[in-house]
Structure formats: C-alpha cells, structure tokens
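Participant: Structure below; questions to follow.
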Amino acid sequence: MVHPAALVGSGTALIAATYGLVRLAYGLFLPDVQQSLSLADGPAGWIASGSSLVYCLGALVGFVLAPARPRATVVLATLTAGCGVGVTAVSTGPVVFGVSAVLASAGAGLASPALVRLLQRDLPADRVDQAQAVVNSGTGPGLVAAGLVALVLLPDWRTAWTAAAVVTLLAGAAVLVTDGRPRHRHGATVEPSRPVGLPPRTWFVAHRRLVVVALLLGAGSAAVWTYGRSLLVDAGTSATVSILAWIAVGAGGAAVALTARRLGELRARSAWTVTCAAVAIATLGLGLAPSMPPTALVVVALVCCALFGWGYTAATGALIAWTTELDAQRAAAGTSVLFVVLVLGQALGAGLAGSAVRAAGTGPVFLVAAVVVGLGALLTLRTPAGPAGRSTRRGPARRSSPGSTRAGLARDAGSPAPGTR
C-alpha cells in the first residue's frame with residue numbers, strides 16, 4: 001500500500017503545476033509572448049478573461065464529477081493543463097496560443113476538488129485538514145518555480161511552457177499511482193459513503209457567508225495579481241526586482257506547508273480571519289510602498305509579497321477546511337463552488353481595478369483593495385460559530401449520518417443549537 005505522504009506529495013506537485021506553472025504564469029510570460037506573436041494588449045486581456053471563465057467551468061465540472069469519480073477528474077485536470085500548455089508552447093499564432101492558454105486553465109479548476117476527495121478517501125480523518133493545507137500550498141512552489149524559470153529562460157517562453165507541460169503530466173500520473181484506491185474487503189470494493197445528487201437547500205444556505213467572503217477576497221486580491229508587477233515597475237524598480245517579488249509571493253505560499261499544523265489547530269473560521277487579514281495588510285503595504293525611499297521600497301515590497309502569498313494561499317486552504325466542517329461528505333463540491341466564486345471575484349476586481357488605475361493610479365487602487373479584503377476578514381468576526389464548526393481531525397464527531405449532517409446545516413444556517421461548543 002502506498003504511504004499517504006506520497007499522495008500528499010504528488011497532490012502538492014499537481015497543484016504547483018496546474019496553478020503556479022500553468023494558470024498563474026500567464027501574466028509572468030505575457031510580455032515576451034506578445035513580442036514573439038505580435039499579440040496586442042486587447043486580445044491578451046480577453047485571453048486572461050477567458051482563462052478565468054474556463055477555470056470556473058472546470059471547477060463546476062469538478063463539483064459534479066469529483067465526489068464520485070475523483071481519479072477521472074485528475075485525468076481530466078492533467079490532460080487539459082498539460083496538453084493545453086504544451087500546445088501553447090508550440091503555437092505559431094495568436095489564435096492557437098489563445099485557445100490553448102484558455103483550455104489549460106481548466107486543469108486547475110478540476111484539480112482542486114479531485115484532490116480534496118482523494119485525500120478524504122485515502123487518509124485518516126484526523127490527518128485530512130493538515131494534508132489539505134499542504135496540498136493547497138502547492139501554488140506557492142509553483143509560483144517560485146515559474147519565477148526561477150523566468151529568470152533563467154526568458155525571453156524563451158516556449159521552453160518554459162514545454163517544461164511546465166512535462167511537469168504537469170508527470171505530476172498527474174504520480175497522483176494516480178500514489179492514490180490508495182478504494183479499500184477491499186472480502187474481494188469487494190468498499191468506498192466511503194458519499195452524497196448523491198446536488199446538495200440540499202440547507203447546504204447552500206449554510207455556505208452563504210463563505211460565498212460572500214470568498215468573493216471579497218477574490219475581488220480585493222485581484223489588484224496584486226494583476227498590477228503587482230506594474231506597481232513596482234512604475235515605482236522605479238528593475239524587471240529583476242519585480243520578478244523576485246513574484247518569487248516572494250510563491251515563497252510565501254510555499255511557507256503555508258510549514259504553518260499548516262498551527263493553522264490546523266484553529267477552527268476554519270478563525271484561520272480564515274487571520275489569513276485574510278494578512279492579505280489585507282500585505283496589499284496595504286504594497287499600496288504605500290511607492291512613497292518610500294528606493295531601498296525601503298524593495299524591502300517592503302518583498303516582505304509584503306511574501307506575506308500576500310502566505311495569506312492568500314492559506315486563506316484558500318481555510319475555505320476548504322470551512323466547507324469540510326460544514327459538510328465533510330460534500331467537501332469537494334464545496335471547494336468547487338467557493339473557488340469558482342473566488343475566481344469570479346478576481347475577474348470582477350481586475351475589471352474594476354483596470355478602470356480605476358487609469359483614473360487614479362495603482363497606489364490608491366491597492367488601498368481600496370486592502371479595504372475590500374479587510375472587510376472579508378471582519379465579516380467573520382461578527383457572527384458566532386454554528387454547531388458544525390468542528391474540524392475533521394476531531395474524528396468521531398465527523399462521522400455523522402447524512403440526516404444528522406443536514407440537521408446541523410439547518411441549525412448553522414440559523415442560530416447555534418443548545419449545548420454546542
């Protein structure tokens with residue numbers, strides 16, 4: 001039997017590839033792509049928007065498919081991301097490049113819910129939360145790898161994305177190999193119970209606050225993801241420093257693996273508040289950085305980028321833990337819904353920030369973005385936790401029947417039940 005740590009490692013690699021090397025590397029390599037393929041700013045923006053929409057489509061497919069067929073979902077994630085970015089690397093014109101880049105973004109949306117389900121199925125209940133946090137932190141190493149590749153290979157973006165395609169295909173294959181598969185008893189395959197069909201109305205009601213705060217994080221974080229490098233370049237830093245700042249974002253995301261155990265000791269709602277506040281502080285710091293002396297600007301920018309990477313990655317992990325606390329059997333579906341909302345928030349935030357930057361400049365836009373993210377943290381402080389707010393690591397309480405889970409969701413949608421902690 002394959003050791004669970006192997007699945008955690010391969011799952012982390014798949015997230016690193018589909019997010020850090022494929023989806024989020026688009027903006028990093030874009031200037032060289034534009035020069036090579038004569039890709040104008042307008043079409044480049046439409047490709048970015050299309051990638052976000054296709055990511056959401058992939059996550060919605062994961063919402064339906066991953067709970068029952070996680071391995072098939074992993075295959076789809078690997079092929080769309082790996083083959084998509086592979087075609088991108090050999091494209092000779094803007095049309096083929098754009099279509100393949102958009103397709104490749106679906107892989108990230110498919111990978112997250114699939115890995116949530118596999119970890120739930122293969123790992124002991126008291127280890128799932130920490131494992132989810134480690135796997136979700138794979139975005140960080142992927143961003144670091146993309147930044148290092150950019151420093152070494154650019155302007156040769158074709159070789160960079162060819163390497164990303166190979167890494168993605170290998171990571172997906174590793175997940176399939178290290179997955180423990182359904183356990184067998186007396187020659188029959190036995191799978192943990194899983195829900196059938198769409199979640200009940202009470203499930204959606206219980207997730208309403210998560211949807212709001214995920215939307216706020218997505219909208220507020222878009223300023224850094226879209227205009228972080230532009231802010232630093234406009235402030236007078238070199239291209240190398242701006243790429244190092246990108247690497248710092250990835251290093252911060254990778255550090256989530258080091259803090260996973262400590263964050264896992266918090267309830268998911270509390271972990272969300274802490275990590276979302278970190279994103280707000282980092283965004284605020286970046287917004288103020290251009291007014292600082294050059295040396296201080298570089299130091300503050302790198303520190304804030306690292307804090308942003310840690311906070312954002314850990315906050316997405318907190319969303320996974322939070323939906324798991326509400327209904328562990330539908331954690332993959334909850335992850336899909338919340339990540340779709342997060343990316344839609346980013347698309348909305350990027351559009352609004354783009355209009356505002358032209359009118360007010362990047363600094364004020366970052367300050368407003370920090371307020372938006374901070375609101376997402378404050379909203380979780382105003383309402384007492386519901387009865388479903390226990391972590392999966394507290395094992396026996398998680399193994400409730402579907403009926404008791406629905407009852408807990410109904411109570412959580414209203415007021416806490418008597419006697420709950």
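Naming scheme: A, B, ... for chains in displayed order of the structure tokens; residues 1 onward per chain; ligands 1 onward as shown.
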Extract, using only C-alpha atoms, all DNA, RNA and protein residues at most 6 Å from stretch 210-226 of chain A, discarding same-chain residues fewer than 5 positions from it, and format them as an MDAnalysis selection string.
Facilitator: chainID A and resid 341:343 345:346 349:350 369 372:373 376
Participant: DSSP on the backbone: which residues in stretch 90-339 of chain A end up as helix (DSSP H, G or I)? Give the answer as a PyMOL selection string.
Facilitator: chain A and resi 90+94-104+106-122+125-136+139-153+157-178+201-206+208-234+239-254+256-264+268-291+294-326+328-339
Participant: Which residue is closest to A:Arg117? Choose from A:Ala5, A:Val87, A:Ala72, A:Ala331 and count only C-alpha atoms.
Facilitator: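 Residue with the minimum atom-to-atom distance to A:Arg117: A:Ala331.
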Participant: Could you tell me which of A:Leu169, A:Ala44, A:Ala66, A:Ala268 comes closest to A:Ala321 if we count only C-alpha atoms?
Facilitator: A:Ala268
Participant: If we count only C-alpha atoms and set the cut-off at 9 Å, which residues sit around A:Leu53, ignoring sequence neighbours fewer than 4 positions away in its own chain? Please answer as a list of chain:residue names.
Facilitator: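 Surrounding residues, per the criterion: A:Ala48, A:Ser49, A:Leu57, A:Gly58, A:Val102, A:Ser105, A:Ala106, A:Val340, A:Val343, A:Leu344, A:Ala347.
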Participant: From the options A:Ala271, A:Leu28, A:Leu352, A:Leu153, which residue's atoms come nearest to A:Leu244, counting only C-alpha atoms?
Facilitator: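 Result for the nearest residue to A:Leu244: A:Leu28.
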Participant: As an exercise, work out the distance from atom CA of A:Gly311 to atom CA of A:Cys276 in Å and give it to one decimal place.
Facilitator: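 For atom CA of A:Gly311 relative to atom CA of A:Cys276, the distance reads 6.1 Å.
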Participant: Can you measure atom CA of A:Leu302 to atom CA of A:Ala245 for me? One decimal in Å is fine.
Facilitator: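 Here the two named atoms are 5.3 Å from each other.
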Participant: Write out as number ranges by chain the residues lying within 12 Å of A:Val64, counting only C-alpha atoms and excluding same-chain residues fewer than 4 positions away.
Facilitator: A: 57-60, 68-70, 72-73, 110, 113-114, 117, 195-199, 330-337
Participant: May I have the selected residues written with C-alpha atoms, as a CSV table (one decimal), in the first residue's frame?
Facilitator:
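Result written to again39.csv:
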chain,number,residue,atom,x,y,z
A,57,LEU,CA,-16.2,25.8,-15.9
A,58,GLY,CA,-13.5,23.3,-14.8
A,59,ALA,CA,-14.4,23.8,-11.2
A,60,LEU,CA,-18.1,23.3,-11.9
A,68,ALA,CA,-18.0,10.2,-7.3
A,69,ARG,CA,-15.1,10.0,-9.8
A,70,PRO,CA,-12.0,11.7,-8.4
A,72,ALA,CA,-11.3,10.6,-13.7
A,73,THR,CA,-11.3,14.2,-12.6
A,110,LEU,CA,-10.5,20.4,-12.0
A,113,PRO,CA,-11.9,19.2,-6.0
A,114,ALA,CA,-10.4,16.0,-7.2
A,117,ARG,CA,-11.9,13.9,-2.5
A,195,PRO,CA,-23.7,12.0,-1.2
A,196,VAL,CA,-25.6,11.5,-4.4
A,197,GLY,CA,-27.0,14.4,-6.5
A,198,LEU,CA,-27.0,18.1,-5.8
A,199,PRO,CA,-26.6,19.4,-2.2
A,330,ARG,CA,-19.6,17.3,0.2
A,331,ALA,CA,-16.2,19.0,0.7
A,332,ALA,CA,-15.2,18.5,-3.0
A,333,ALA,CA,-18.4,20.2,-4.1
A,334,GLY,CA,-17.9,23.0,-1.6
A,335,THR,CA,-14.4,23.5,-2.8
A,336,SER,CA,-15.5,23.8,-6.4
A,337,VAL,CA,-18.3,26.4,-5.6
Participant: Find the spatial neighbours of A:Leu143, counting only C-alpha atoms, within a cut-off of 10 Å - ignore same-chain residues fewer than 4 positions away - and output them as a CSV table (one decimal) with N, CA and C atoms, in the first residue's frame.
Facilitator:
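That gives us out_22.csv:
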chain,number,residue,atom,x,y,z
A,16,ALA,N,0.9,22.6,-7.7
A,16,ALA,CA,2.0,23.5,-8.1
A,16,ALA,C,2.0,23.7,-9.7
A,17,ALA,N,1.8,22.6,-10.4
A,17,ALA,CA,1.9,22.6,-11.8
A,17,ALA,C,0.7,23.3,-12.4
A,19,TYR,N,-1.6,25.3,-11.1
A,19,TYR,CA,-1.8,26.7,-10.7
A,19,TYR,C,-0.6,27.6,-11.0
A,20,GLY,N,0.6,27.2,-10.4
A,20,GLY,CA,1.7,28.0,-10.4
A,20,GLY,C,2.4,28.1,-11.8
A,21,LEU,N,2.6,26.9,-12.4
A,21,LEU,CA,3.3,26.8,-13.7
A,21,LEU,C,2.4,27.1,-14.9
A,22,VAL,N,1.1,26.9,-14.8
A,22,VAL,CA,0.2,27.0,-15.9
A,22,VAL,C,-0.7,28.2,-15.8
A,23,ARG,N,-1.6,28.2,-14.9
A,23,ARG,CA,-2.6,29.2,-14.8
A,23,ARG,C,-2.0,30.6,-14.5
A,24,LEU,N,-1.3,30.7,-13.4
A,24,LEU,CA,-0.8,32.0,-12.9
A,24,LEU,C,0.5,32.4,-13.6
A,25,ALA,N,1.1,31.6,-14.4
A,25,ALA,CA,2.3,32.0,-15.1
A,25,ALA,C,2.0,32.8,-16.3
A,28,LEU,N,3.2,36.3,-16.1
A,28,LEU,CA,4.6,36.4,-16.0
A,28,LEU,C,5.3,36.3,-17.3
A,138,GLY,N,0.6,24.1,-2.6
A,138,GLY,CA,1.4,23.8,-3.8
A,138,GLY,C,1.5,25.0,-4.8
A,139,THR,N,0.5,25.8,-4.7
A,139,THR,CA,0.5,27.0,-5.6
A,139,THR,C,1.8,27.8,-5.4
A,147,GLY,N,8.8,31.7,-11.4
A,147,GLY,CA,9.7,32.9,-11.3
A,147,GLY,C,11.2,32.5,-11.6
A,148,LEU,N,11.6,31.4,-11.1
A,148,LEU,CA,13.0,31.0,-11.4
A,148,LEU,C,13.2,30.6,-12.9
A,149,VAL,N,12.2,30.0,-13.4
A,149,VAL,CA,12.2,29.7,-14.9
A,149,VAL,C,12.3,31.0,-15.7
A,246,TRP,N,7.6,38.4,-7.5
A,246,TRP,CA,6.8,37.3,-7.9
A,246,TRP,C,7.2,36.0,-7.2
A,247,ILE,N,8.5,35.8,-7.1
A,247,ILE,CA,9.1,34.6,-6.4
A,247,ILE,C,8.7,34.7,-5.0
A,248,ALA,N,8.8,35.9,-4.4
A,248,ALA,CA,8.5,36.1,-3.0
A,248,ALA,C,7.0,35.7,-2.7
A,249,VAL,N,6.1,36.0,-3.6
A,249,VAL,CA,4.7,35.6,-3.5
A,249,VAL,C,4.7,34.1,-3.4
A,250,GLY,N,5.4,33.4,-4.3
A,250,GLY,CA,5.4,32.0,-4.3
A,250,GLY,C,6.1,31.4,-3.0
A,251,ALA,N,7.1,32.0,-2.6
A,251,ALA,CA,7.8,31.5,-1.3
A,251,ALA,C,6.8,31.7,-0.1
A,252,GLY,N,6.1,32.7,-0.1
A,252,GLY,CA,5.1,32.9,1.0
A,252,GLY,C,4.0,31.8,0.9
A,253,GLY,N,3.6,31.5,-0.3
A,253,GLY,CA,2.6,30.4,-0.5
A,253,GLY,C,3.2,29.1,-0.1
A,254,ALA,N,4.4,28.8,-0.4
A,254,ALA,CA,5.1,27.6,0.0
A,254,ALA,C,5.2,27.4,1.5
A,309,GLY,N,1.5,36.1,-0.4
A,309,GLY,CA,1.5,34.8,-0.9
A,309,GLY,C,1.0,33.8,0.2
Participant: To one decimal place in Å, what is the distance between atom CA of A:Phe29 and atom CA of A:Ala150?
Facilitator: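 That distance, rounded to one decimal, is 7.3 Å.
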Participant: Wanna dump the stretch 58-135 of chain A-stretch 32-42 of chain A contacts at 8 Å for me, each residue with its shortest atom pair and the distance in Å to one decimal, counting only C-alpha atoms, ordered by chain and number, as JSON lines?
Facilitator:
{"residue": "A:Thr92", "atom": "CA", "partner": "A:Leu37", "partner_atom": "CA", "distance": 7.0}
{"residue": "A:Gly93", "atom": "CA", "partner": "A:Leu37", "partner_atom": "CA", "distance": 5.9}
{"residue": "A:Pro94", "atom": "CA", "partner": "A:Leu39", "partner_atom": "CA", "distance": 6.1}
Participant: So which one's closest to A:Leu7, A:Gly285, A:Gly45, A:Gly62, A:Gly180? Using only C-alpha atoms, please.
Facilitator: A:Gly180
Participant: For A:Cys304, work out the shell of residues within 10 Å, counting only C-alpha atoms and skipping chain neighbours fewer than 2 positions away, then give it as a list of chain:residue names.
Facilitator: A:Ala245, A:Ala248, A:Val249, A:Gly252, A:Ala278, A:Val279, A:Ile281, A:Ala282, A:Thr283, A:Leu284, A:Gly285, A:Leu286, A:Gly287, A:Ala289, A:Val298, A:Val299, A:Val300, A:Ala301, A:Leu302, A:Ala306, A:Leu307, A:Phe308, A:Gly309, A:Trp310
Participant: I need the residues from that last selection saved to file as a JSON list (two decimals), in the first residue's frame (with N, CA and C atoms), if you can.
Facilitator:
[["chain", "number", "residue", "atom", "x", "y", "z"],
["A", 245, "ALA", "N", 9.93, 39.71, -6.72],
["A", 245, "ALA", "CA", 8.71, 39.90, -5.93],
["A", 245, "ALA", "C", 7.71, 38.80, -6.23],
["A", 248, "ALA", "N", 8.80, 35.91, -4.39],
["A", 248, "ALA", "CA", 8.48, 36.08, -2.97],
["A", 248, "ALA", "C", 7.03, 35.70, -2.69],
["A", 249, "VAL", "N", 6.11, 36.02, -3.62],
["A", 249, "VAL", "CA", 4.72, 35.59, -3.46],
["A", 249, "VAL", "C", 4.66, 34.06, -3.39],
["A", 252, "GLY", "N", 6.08, 32.75, -0.10],
["A", 252, "GLY", "CA", 5.09, 32.88, 0.97],
["A", 252, "GLY", "C", 4.04, 31.80, 0.90],
["A", 278, "ALA", "N", -4.05, 38.99, 6.82],
["A", 278, "ALA", "CA", -2.68, 39.07, 6.31],
["A", 278, "ALA", "C", -2.66, 39.57, 4.86],
["A", 279, "VAL", "N", -3.60, 39.10, 4.05],
["A", 279, "VAL", "CA", -3.69, 39.57, 2.66],
["A", 279, "VAL", "C", -3.99, 41.07, 2.63],
["A", 281, "ILE", "N", -3.29, 43.35, 4.94],
["A", 281, "ILE", "CA", -2.11, 44.10, 5.39],
["A", 281, "ILE", "C", -1.06, 44.15, 4.29],
["A", 282, "ALA", "N", -0.83, 43.03, 3.63],
["A", 282, "ALA", "CA", 0.17, 42.99, 2.56],
["A", 282, "ALA", "C", -0.23, 43.90, 1.40],
["A", 283, "THR", "N", -1.51, 43.88, 1.04],
["A", 283, "THR", "CA", -1.98, 44.73, -0.05],
["A", 283, "THR", "C", -1.83, 46.21, 0.31],
["A", 284, "LEU", "N", -2.15, 46.54, 1.56],
["A", 284, "LEU", "CA", -1.98, 47.91, 2.03],
["A", 284, "LEU", "C", -0.51, 48.33, 1.97],
["A", 285, "GLY", "N", 0.38, 47.45, 2.42],
["A", 285, "GLY", "CA", 1.82, 47.75, 2.39],
["A", 285, "GLY", "C", 2.32, 48.00, 0.99],
["A", 286, "LEU", "N", 1.87, 47.19, 0.03],
["A", 286, "LEU", "CA", 2.29, 47.39, -1.36],
["A", 286, "LEU", "C", 1.75, 48.71, -1.90],
["A", 287, "GLY", "N", 0.53, 49.06, -1.49],
["A", 287, "GLY", "CA", -0.03, 50.33, -1.95],
["A", 287, "GLY", "C", 0.74, 51.53, -1.44],
["A", 289, "ALA", "N", 4.05, 51.37, -0.58],
["A", 289, "ALA", "CA", 5.47, 51.20, -0.87],
["A", 289, "ALA", "C", 6.03, 52.23, -1.85],
["A", 298, "VAL", "N", 12.13, 48.34, -1.94],
["A", 298, "VAL", "CA", 12.44, 46.96, -2.30],
["A", 298, "VAL", "C", 12.18, 46.01, -1.14],
["A", 299, "VAL", "N", 12.65, 46.38, 0.05],
["A", 299, "VAL", "CA", 12.47, 45.51, 1.22],
["A", 299, "VAL", "C", 11.00, 45.34, 1.54],
["A", 300, "VAL", "N", 10.26, 46.45, 1.60],
["A", 300, "VAL", "CA", 8.84, 46.37, 1.93],
["A", 300, "VAL", "C", 8.08, 45.58, 0.87],
["A", 301, "ALA", "N", 8.43, 45.79, -0.40],
["A", 301, "ALA", "CA", 7.75, 45.07, -1.47],
["A", 301, "ALA", "C", 7.95, 43.56, -1.35],
["A", 302, "LEU", "N", 9.17, 43.13, -1.11],
["A", 302, "LEU", "CA", 9.44, 41.70, -1.00],
["A", 302, "LEU", "C", 8.75, 41.09, 0.22],
["A", 306, "ALA", "N", 5.68, 38.35, 0.06],
["A", 306, "ALA", "CA", 5.73, 37.06, 0.76],
["A", 306, "ALA", "C", 4.53, 36.89, 1.68],
["A", 307, "LEU", "N", 4.17, 37.97, 2.40],
["A", 307, "LEU", "CA", 3.00, 37.90, 3.29],
["A", 307, "LEU", "C", 1.73, 37.69, 2.48],
["A", 308, "PHE", "N", 1.62, 38.36, 1.34],
["A", 308, "PHE", "CA", 0.46, 38.18, 0.48],
["A", 308, "PHE", "C", 0.35, 36.72, 0.02],
["A", 309, "GLY", "N", 1.47, 36.15, -0.44],
["A", 309, "GLY", "CA", 1.45, 34.77, -0.90],
["A", 309, "GLY", "C", 1.04, 33.80, 0.19],
["A", 310, "TRP", "N", 1.57, 34.03, 1.41],
["A", 310, "TRP", "CA", 1.19, 33.15, 2.54],
["A", 310, "TRP", "C", -0.28, 33.31, 2.87]]
Participant: Select, from A:Phe63, A:Trp161, A:Trp46, A:Tyr26, the residue with the minimum atom-to-atom distance to A:Val90, counting only C-alpha atoms.
Facilitator: A:Trp161
